[in-house]
Structure formats: structure tokens, C-alpha cells
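A.B. asks: Input structure: my_file37.cif, which contains mmCIF, C-alpha atoms.
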```
data_target
#
loop_
_atom_site.label_atom_id
_atom_site.label_comp_id
_atom_site.auth_asym_id
_atom_site.auth_seq_id
_atom_site.Cartn_x
_atom_site.Cartn_y
_atom_site.Cartn_z
CA PHE A 1 1.47 13.36 -15.39
CA HIS A 2 -0.81 16.36 -15.91
CA LEU A 3 -4.46 16.24 -14.87
CA VAL A 4 -6.55 16.73 -18.03
CA GLU A 5 -10.09 15.87 -16.90
CA SER A 6 -11.86 14.90 -13.69
CA TYR A 7 -15.40 13.63 -13.14
CA SER A 8 -17.54 11.95 -10.53
CA ILE A 9 -20.04 9.17 -11.18
CA GLU A 10 -22.92 9.10 -8.70
CA PHE A 11 -24.60 5.71 -8.53
CA ASN A 12 -27.67 7.30 -6.90
CA GLU A 13 -28.11 9.44 -10.03
CA LEU A 14 -27.70 6.39 -12.27
CA ALA A 15 -30.38 4.59 -10.25
CA GLN A 16 -32.74 7.55 -10.65
CA ARG A 17 -32.08 7.55 -14.40
CA GLN A 18 -32.74 3.82 -14.68
CA VAL A 19 -36.04 4.03 -12.81
CA THR A 20 -37.40 7.06 -14.67
CA GLN A 21 -35.90 6.69 -18.15
CA GLY A 22 -34.92 3.04 -18.44
CA MET A 23 -37.98 1.54 -16.75
CA GLY A 24 -40.47 4.37 -17.24
CA LEU A 25 -41.52 4.32 -13.59
CA ASN A 26 -42.63 7.11 -11.33
CA PRO A 27 -39.96 7.27 -8.60
CA ARG A 28 -42.75 7.94 -6.09
CA SER A 29 -44.71 4.86 -7.08
CA GLU A 30 -44.42 1.79 -4.87
CA GLU A 31 -42.30 -0.11 -7.41
CA GLY A 32 -40.12 2.87 -8.32
CA ALA A 33 -39.52 3.82 -4.69
CA SER A 34 -38.67 0.21 -3.80
CA ILE A 35 -36.04 -0.04 -6.55
CA LEU A 36 -34.57 3.34 -5.69
CA ASN A 37 -34.39 2.41 -2.04
CA LYS A 38 -32.48 -0.74 -2.91
CA LEU A 39 -30.02 0.94 -5.28
CA SER A 40 -29.43 4.30 -3.58
CA LYS A 41 -26.48 3.52 -1.31
CA ASP A 42 -24.47 6.76 -1.74
CA ASN A 43 -21.57 5.02 -3.49
CA VAL A 44 -19.57 6.90 -6.10
CA ALA A 45 -16.77 6.48 -8.62
CA GLN A 46 -14.13 9.06 -9.47
CA LEU A 47 -12.66 9.37 -12.93
CA VAL A 48 -9.57 11.24 -14.09
CA VAL A 49 -7.69 11.49 -17.37
CA LEU A 50 -3.96 11.96 -16.96
CA GLU A 51 -1.48 12.99 -19.64
CA THR A 52 2.20 12.13 -19.56
CA ALA A 53 4.44 15.13 -19.01
CA GLN A 54 6.76 13.93 -21.79
CA PRO A 55 4.73 13.09 -24.95
CA SER A 56 5.85 10.08 -26.98
CA MET A 57 7.16 10.30 -30.53
CA THR A 58 4.96 8.44 -33.02
CA ARG A 59 5.67 8.65 -36.76
CA GLY A 60 7.50 11.89 -36.25
CA ASN A 61 4.60 13.57 -34.50
CA ARG A 62 4.45 14.49 -30.87
CA GLU A 63 1.36 12.74 -29.58
CA PRO A 64 0.60 12.97 -25.85
CA ASN A 65 -0.05 9.73 -24.05
CA GLN A 66 -3.12 9.73 -21.85
CA VAL A 67 -4.59 7.24 -19.42
CA CYS A 68 -8.01 7.11 -17.80
CA ILE A 69 -8.13 5.99 -14.16
CA ALA A 70 -11.37 5.21 -12.36
CA ASN A 71 -11.59 4.57 -8.65
CA THR A 72 -14.63 3.30 -6.76
CA HIS A 73 -15.94 1.86 -3.51
CA LEU A 74 -18.91 -0.44 -4.03
CA TYR A 75 -21.70 -1.22 -1.57
CA SER A 76 -20.41 -3.26 1.36
CA ASN A 77 -23.42 -5.39 2.35
CA LYS A 78 -22.52 -9.02 1.67
CA ASP A 79 -26.19 -9.91 1.38
CA CYS A 80 -26.68 -7.63 -1.66
CA PRO A 81 -24.41 -9.02 -4.41
CA ASP A 82 -26.96 -7.96 -7.02
CA VAL A 83 -26.57 -4.32 -6.00
CA LYS A 84 -22.78 -4.55 -6.35
CA LEU A 85 -23.17 -6.21 -9.74
CA TRP A 86 -25.58 -3.46 -10.82
CA GLN A 87 -23.08 -0.81 -9.71
CA THR A 88 -20.24 -2.54 -11.56
CA LEU A 89 -22.27 -2.92 -14.76
CA HIS A 90 -23.28 0.73 -14.77
CA LEU A 91 -19.75 1.89 -13.99
CA LEU A 92 -18.48 -0.10 -16.98
CA GLN A 93 -21.22 1.32 -19.19
CA GLU A 94 -20.41 4.87 -18.14
CA LEU A 95 -16.73 4.26 -18.89
CA GLU A 96 -17.62 2.80 -22.30
CA THR A 97 -19.60 5.92 -23.17
CA PHE A 98 -16.82 8.19 -21.93
CA ILE A 99 -14.05 6.43 -23.84
CA MET A 100 -16.02 6.03 -27.10
CA ALA A 101 -16.91 9.73 -27.04
CA ARG A 102 -13.24 10.55 -27.31
CA GLY A 103 -12.93 9.10 -30.79
CA PRO A 104 -11.45 5.98 -32.37
CA ALA A 105 -8.19 6.07 -30.42
CA ASN A 106 -8.21 3.61 -27.55
CA LEU A 107 -7.71 5.35 -24.23
CA PRO A 108 -5.81 3.16 -21.74
CA LEU A 109 -8.04 2.43 -18.76
CA MET A 110 -7.50 1.40 -15.16
CA ILE A 111 -10.34 0.64 -12.74
CA CYS A 112 -9.22 0.42 -9.13
CA GLY A 113 -10.90 0.27 -5.76
CA ASP A 114 -12.68 -1.65 -3.06
CA PHE A 115 -15.24 -3.75 -4.91
CA ASN A 116 -16.40 -5.53 -1.75
CA SER A 117 -16.48 -8.68 -3.88
CA THR A 118 -14.39 -11.84 -3.68
CA PRO A 119 -12.86 -13.60 -6.74
CA ASP A 120 -15.78 -16.07 -6.86
CA SER A 121 -18.33 -13.25 -7.19
CA ALA A 122 -20.36 -12.18 -10.22
CA VAL A 123 -18.65 -8.79 -10.00
CA TYR A 124 -15.26 -10.44 -10.53
CA ASP A 125 -16.64 -12.54 -13.40
CA LEU A 126 -18.08 -9.49 -15.14
CA LEU A 127 -14.85 -7.55 -14.88
CA SER A 128 -12.57 -10.41 -15.89
CA ARG A 129 -14.74 -12.35 -18.38
CA GLN A 130 -17.09 -9.63 -19.71
CA LEU A 131 -20.11 -11.70 -18.70
CA VAL A 132 -21.75 -13.59 -15.85
CA HIS A 133 -22.91 -17.21 -15.96
CA PRO A 134 -26.73 -17.45 -15.82
CA GLY A 135 -26.49 -19.90 -12.94
CA HIS A 136 -24.33 -17.70 -10.74
CA PRO A 137 -25.95 -17.33 -7.29
CA ASP A 138 -25.33 -13.57 -7.30
CA VAL A 139 -27.87 -13.15 -10.10
CA ASN A 140 -30.37 -15.54 -8.56
CA THR A 141 -30.90 -13.97 -5.17
CA GLY A 142 -34.64 -14.64 -4.93
CA ASP A 143 -37.60 -12.49 -3.96
CA GLU A 144 -36.52 -12.30 -0.31
CA ASN A 145 -33.72 -9.96 -1.39
CA GLY A 146 -36.14 -7.27 -2.54
CA PRO A 147 -37.07 -6.14 -6.06
CA SER A 148 -35.07 -7.32 -9.04
CA VAL A 149 -32.67 -4.60 -10.21
CA LEU A 150 -30.62 -6.49 -12.79
CA PRO A 151 -31.37 -6.63 -16.53
CA ASP A 152 -31.61 -9.86 -18.47
CA ILE A 153 -28.46 -11.94 -17.90
CA MET A 154 -27.46 -11.64 -21.58
CA SER A 155 -27.38 -7.85 -21.17
CA ILE A 156 -24.92 -8.02 -18.28
CA THR A 157 -21.82 -7.55 -20.40
CA HIS A 158 -19.36 -4.90 -21.57
CA SER A 159 -16.71 -4.32 -24.26
CA HIS A 160 -13.67 -3.63 -22.06
CA MET A 161 -10.93 -6.25 -22.20
CA LEU A 162 -9.66 -6.14 -18.63
CA GLY A 163 -7.03 -7.96 -16.64
CA SER A 164 -6.33 -7.99 -12.93
CA VAL A 165 -2.89 -6.57 -12.18
CA TYR A 166 -2.11 -8.93 -9.32
CA ASN A 167 -3.47 -12.01 -11.08
CA THR A 168 -1.44 -11.16 -14.19
CA VAL A 169 1.84 -10.45 -12.40
CA LEU A 170 1.65 -13.05 -9.62
CA GLY A 171 -0.41 -15.69 -11.38
CA GLU A 172 -3.21 -15.45 -8.80
CA GLU A 173 -4.97 -12.94 -6.61
CA PRO A 174 -3.41 -12.27 -3.19
CA LYS A 175 -4.51 -14.34 -0.22
CA PHE A 176 -6.17 -11.24 1.19
CA THR A 177 -6.42 -7.48 0.75
CA ASN A 178 -8.75 -6.97 3.71
CA TYR A 179 -7.75 -8.35 7.12
CA THR A 180 -10.20 -7.94 9.99
CA MET A 181 -11.46 -10.13 12.83
CA GLN A 182 -14.66 -10.86 10.89
CA PHE A 183 -13.25 -11.26 7.37
CA LYS A 184 -9.93 -12.08 5.74
CA GLY A 185 -9.94 -12.18 1.97
CA VAL A 186 -9.67 -10.29 -1.31
CA LEU A 187 -12.00 -7.34 -1.92
CA ASP A 188 -9.70 -4.86 -3.68
CA TYR A 189 -8.43 -4.97 -7.25
CA MET A 190 -6.54 -3.04 -9.89
CA TRP A 191 -8.00 -3.71 -13.33
CA TYR A 192 -6.32 -2.57 -16.56
CA SER A 193 -7.16 -2.57 -20.27
CA THR A 194 -5.11 -5.37 -21.78
CA ARG A 195 -5.05 -3.76 -25.25
CA ASN A 196 -2.85 -0.85 -24.26
CA LEU A 197 -1.53 -1.32 -20.74
CA ARG A 198 0.89 -3.84 -19.27
CA PRO A 199 1.62 -4.37 -15.57
CA LEU A 200 5.35 -4.65 -14.92
CA SER A 201 5.24 -5.28 -11.18
CA ALA A 202 2.95 -5.73 -8.20
CA ALA A 203 4.00 -4.84 -4.68
CA PRO A 204 3.77 -7.90 -2.42
CA ILE A 205 1.05 -8.12 0.21
CA PRO A 206 2.56 -8.59 3.70
CA ASP A 207 2.36 -12.04 5.28
CA GLU A 208 -0.03 -12.69 8.15
CA SER A 209 2.93 -12.94 10.52
CA VAL A 210 3.82 -9.36 9.66
CA LEU A 211 0.26 -8.07 9.89
CA THR A 212 -0.34 -9.61 13.33
CA ARG A 213 2.79 -8.26 15.03
CA HIS A 214 0.81 -5.31 16.35
CA GLY A 215 -2.58 -6.96 16.89
CA ASP A 216 -4.82 -9.78 15.78
CA ALA A 217 -6.29 -7.84 12.85
CA LEU A 218 -6.28 -4.51 11.04
CA PRO A 219 -6.28 -1.62 11.55
CA SER A 220 -3.41 -1.52 14.00
CA THR A 221 -0.70 0.84 15.18
CA GLN A 222 1.35 -0.24 12.16
CA TYR A 223 -1.42 -0.33 9.55
CA SER A 224 -3.93 2.51 9.66
CA SER A 225 -6.48 0.79 7.42
CA ASP A 226 -8.06 -2.65 7.42
CA HIS A 227 -7.30 -2.75 3.66
CA LEU A 228 -3.80 -3.32 2.33
CA MET A 229 -2.13 -1.09 -0.21
CA GLN A 230 -1.76 -2.31 -3.78
CA ILE A 231 0.94 -0.82 -6.00
CA SER A 232 1.99 -1.54 -9.57
CA ASP A 233 4.27 -0.13 -12.25
CA MET A 234 2.29 0.10 -15.49
CA GLN A 235 3.51 0.42 -19.07
CA ILE A 236 1.46 2.18 -21.75
CA VAL A 237 1.46 0.19 -24.99
CA SER A 238 -0.08 1.65 -28.16
CA GLY A 239 0.28 0.94 -31.83
CA GLY A 240 2.98 -1.61 -31.13
CA SER A 241 5.15 1.00 -29.39
CA ARG A 242 5.93 1.13 -25.67
#
```
If you convert what's in this file into C-alpha cells, what do you get?

C.D. replies:
Amino acid sequence: FHLVESYSIEFNELAQRQVTQGMGLNPRSEEGASILNKLSKDNVAQLVVLETAQPSMTRGNREPNQVCIANTHLYSNKDCPDVKLWQTLHLLQELETFIMARGPANLPLMICGDFNSTPDSAVYDLLSRQLVHPGHPDVNTGDENGPSVLPDIMSITHSHMLGSVYNTVLGEEPKFTNYTMQFKGVLDYMWYSTRNLRPLSAAPIPDESVLTRHGDALPSTQYSSDHLMQISDMQIVSGGSR
């Protein structure tokens, strides 16, 4: 692949934009400052567009294949699922704008990272189902969780048709992707646009017996991170060709 484009998405900047432009608030007012304080967590997303080194042949023309890959690390506080959902929604909206600006051709998309959200979360629902159920507890956090930062539930949606690589290949998410003394579960995902990408494989996650050979949890002398690596072979599919 050749690197074609590279961008960063700053969630702090998106929060500032929402407060000043979307809500018409003064960021120094009590309400504006409260919302900014809740949303400004210094999380970012990175976005690249890659082009295959060997262009495909389509109808006799040499047309380069490109893929957009986004990577992110969402807010980690388990008591703030609404902030993670807000970050996910705005990431998806930014990606929609980016892809639509490139014209009618569908750009294959992958969204990868540590979403700090389990498969029963609103974040997972939004990514996998394009919406969130109005009764989901993540969107009904109550006043004790600070100011409301989410739009109306019917506006929490997006146009991307996404699939989870591991769920597609293995039939379910792994038992865990994060393995610490305090938490063992799935927080990390590889999402792909189902219209024009197909996962061909997913590297297996090691069993607990393997992970605990060098300690009770991660990181350890064998595994330098408390998160486990996810790997997949992906196939670009466009216009019926592969």
C-alpha cells in the first residue's frame, strides 16, 4: 500500500464545535463550561487512506483501489458510557463527511481500536446496528452523571453498514481482548464496511491458560500490553469484482 492521506480527529475540538456552533453556547458560561468539561478527555482518532501498490483492472481501465482506516481510543471511564457514545457518534459523522466528500464511489472503511465498551454497550449497538434502543441504560444515565451531552435518541444513527471482523469470522466476539486483574472482557474491535470489504480470517485470541503462564494477568513478561492483538486478512470487494 501507498499512504495517500492522513488526518487526525480531535474529540476536544469536536466538543468545542458542538458547544459553540451546535448548541449556541458561550464556552465560558456555566452550561457551556460544564459540557466542555465532561466531553474534553483528550481522546483522538487517526485516519489514513491507503492505495494498493498494484491497481486493479476494471473494464479495461486501471483504477487504484483505496481503503480508509480509522483508529481510535475512546474514553476509559466505565461510569461515562454517554461520553463514549458521543465520541463514537461524532467519529462516525466525521467519517461520513470525509467519505461522501470523495464522490459517489464507495470508499472501503475500517474502524479499529480500543472502544472501552463491551458488546452489550450502546457503543457496540450503534456501530453494529446503526442505532441505539431508547431504553438502553447508556443513554439514560441520569442527572447524577453530569449534563446531558447526547442528542435526541432518534438522531443517534449513521449510514455506515459495518460488521465486526471477529464476530463475522468466528460467529461471536472473543471471550476477551483485555485481560487484567480488575477486568477481563472485550473492549477492542475491528469494524469493516460490509458493502466493499470482506474478512477472510481472524487471528485467534490466546487461551487463558496461555496468558497466565507468566503471571495472573497482563501485561506480563510474555505480553507487553494488557490488550491482545487482533489481526485479520481483508478482501476488497467492489462492483462485483474482488

A.B. asks: Would you compute the distance between atom CA of Thr177 of chain A and atom CA of Ser193 of chain A? Give it in Å to one decimal.

C.D. replies: 21.6 Å

A.B. asks: Which residues fall under the PyMOL selection byres ((chain A and resi 160) around 12) in this file, as number ranges by chain?

C.D. replies: A: 89, 91-97, 99-100, 106-111, 126-131, 157-159, 161-163, 191-196

A.B. asks: Given the PyMOL selection byres ((chain A and resi 211) around 12) and the file above, list the residues it selects as a ChimeraX atom specification.

C.D. replies: /A:176-180,184,205-210,212-228

A.B. asks: Let me know the residues the PyMOL selection byres ((chain A and resi 8) around 10) catches in the file above, as a ChimeraX atom specification.

C.D. replies: /A:6-7,9-11,44-48,70-72

A.B. asks: Contacts of segment 139-154 of chain A at 7 Å or less, counting all atoms listed in the file, minus same-chain residues fewer than 4 places along, as a VMD selection string?

C.D. replies: chain A and resid 34 to 35 82 86 134

A.B. asks: When you count all atoms listed in the file, which of these residues is closest to Tyr124 of chain A: A:Ala33, A:Ala202, A:Val19, A:Leu85?

C.D. replies: A:Leu85

A.B. asks: Report, in Å with one decimal, the straight-line distance from atom CA of Arg198 of chain A to atom CA of Val237 of chain A.

C.D. replies: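 So the answer is 7.0 Å.
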
A.B. asks: Counting only C-alpha atoms, which residue out of A:Gly32, A:His2, A:His133, A:Ser232 sits closest to Asn65 of chain A?

C.D. replies: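 Checking each of A:Gly32, A:His2, A:His133, A:Ser232 against Asn65 of chain A, counting only C-alpha atoms, the winner is A:His2.
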
A.B. asks: Could you complete segment 229-240 of chain A so that it carries all heavy atoms, and give it back as a short mmCIF file (atom, residue, chain, number, x, y, z; two decimals), in the coordinates of the input?

C.D. replies:
```cif
data_model
loop_
_atom_site.label_atom_id
_atom_site.label_comp_id
_atom_site.auth_asym_id
_atom_site.auth_seq_id
_atom_site.Cartn_x
_atom_site.Cartn_y
_atom_site.Cartn_z
N MET A 229 -2.46 -1.87 0.97
CA MET A 229 -2.13 -1.09 -0.21
C MET A 229 -1.70 -1.98 -1.37
O MET A 229 -0.95 -2.93 -1.19
CB MET A 229 -1.01 -0.10 0.13
CG MET A 229 -0.67 0.87 -1.00
SD MET A 229 0.66 2.01 -0.55
CE MET A 229 -0.09 2.87 0.84
N GLN A 230 -2.17 -1.64 -2.56
CA GLN A 230 -1.76 -2.31 -3.78
C GLN A 230 -1.04 -1.31 -4.67
O GLN A 230 -1.53 -0.20 -4.89
CB GLN A 230 -2.97 -2.91 -4.51
CG GLN A 230 -3.63 -4.04 -3.75
CD GLN A 230 -4.82 -4.61 -4.49
OE1 GLN A 230 -5.83 -3.94 -4.67
NE2 GLN A 230 -4.73 -5.85 -4.91
N ILE A 231 0.10 -1.71 -5.18
CA ILE A 231 0.94 -0.82 -6.00
C ILE A 231 1.43 -1.59 -7.22
O ILE A 231 1.79 -2.77 -7.12
CB ILE A 231 2.15 -0.30 -5.20
CG1 ILE A 231 1.71 0.37 -3.89
CG2 ILE A 231 2.98 0.68 -6.03
CD1 ILE A 231 2.86 0.74 -2.98
N SER A 232 1.47 -0.91 -8.36
CA SER A 232 1.99 -1.54 -9.57
C SER A 232 2.65 -0.50 -10.46
O SER A 232 2.23 0.66 -10.50
CB SER A 232 0.86 -2.22 -10.34
OG SER A 232 1.33 -2.75 -11.56
N ASP A 233 3.69 -0.93 -11.17
CA ASP A 233 4.27 -0.13 -12.25
C ASP A 233 3.59 -0.57 -13.54
O ASP A 233 3.56 -1.76 -13.87
CB ASP A 233 5.77 -0.37 -12.37
CG ASP A 233 6.54 0.21 -11.20
OD1 ASP A 233 6.29 1.38 -10.85
OD2 ASP A 233 7.37 -0.51 -10.62
N MET A 234 3.02 0.40 -14.27
CA MET A 234 2.29 0.10 -15.49
C MET A 234 3.00 0.68 -16.71
O MET A 234 3.60 1.76 -16.62
CB MET A 234 0.87 0.65 -15.41
CG MET A 234 0.04 0.15 -14.24
SD MET A 234 -0.27 -1.62 -14.26
CE MET A 234 -1.22 -1.79 -15.78
N GLN A 235 2.90 -0.03 -17.80
CA GLN A 235 3.51 0.42 -19.07
C GLN A 235 2.40 0.68 -20.08
O GLN A 235 1.52 -0.17 -20.29
CB GLN A 235 4.45 -0.66 -19.59
CG GLN A 235 5.17 -0.31 -20.87
CD GLN A 235 6.04 -1.47 -21.35
OE1 GLN A 235 5.54 -2.56 -21.61
NE2 GLN A 235 7.32 -1.24 -21.41
N ILE A 236 2.43 1.86 -20.69
CA ILE A 236 1.46 2.18 -21.75
C ILE A 236 1.97 1.59 -23.06
O ILE A 236 3.11 1.81 -23.46
CB ILE A 236 1.27 3.70 -21.89
CG1 ILE A 236 0.70 4.29 -20.60
CG2 ILE A 236 0.34 4.01 -23.06
CD1 ILE A 236 0.57 5.79 -20.62
N VAL A 237 1.11 0.83 -23.72
CA VAL A 237 1.46 0.19 -24.99
C VAL A 237 0.42 0.60 -26.01
O VAL A 237 -0.77 0.41 -25.83
CB VAL A 237 1.44 -1.36 -24.85
CG1 VAL A 237 1.84 -2.00 -26.17
CG2 VAL A 237 2.36 -1.80 -23.73
N SER A 238 0.86 1.21 -27.12
CA SER A 238 -0.08 1.65 -28.16
C SER A 238 0.55 1.55 -29.51
O SER A 238 1.72 1.91 -29.70
CB SER A 238 -0.54 3.09 -27.90
OG SER A 238 0.54 3.98 -28.01
N GLY A 239 -0.20 1.02 -30.46
CA GLY A 239 0.28 0.94 -31.83
C GLY A 239 1.56 0.16 -31.99
O GLY A 239 2.38 0.42 -32.86
N GLY A 240 1.77 -0.80 -31.08
CA GLY A 240 2.98 -1.61 -31.13
C GLY A 240 4.17 -0.95 -30.49
O GLY A 240 5.24 -1.55 -30.38
#
```
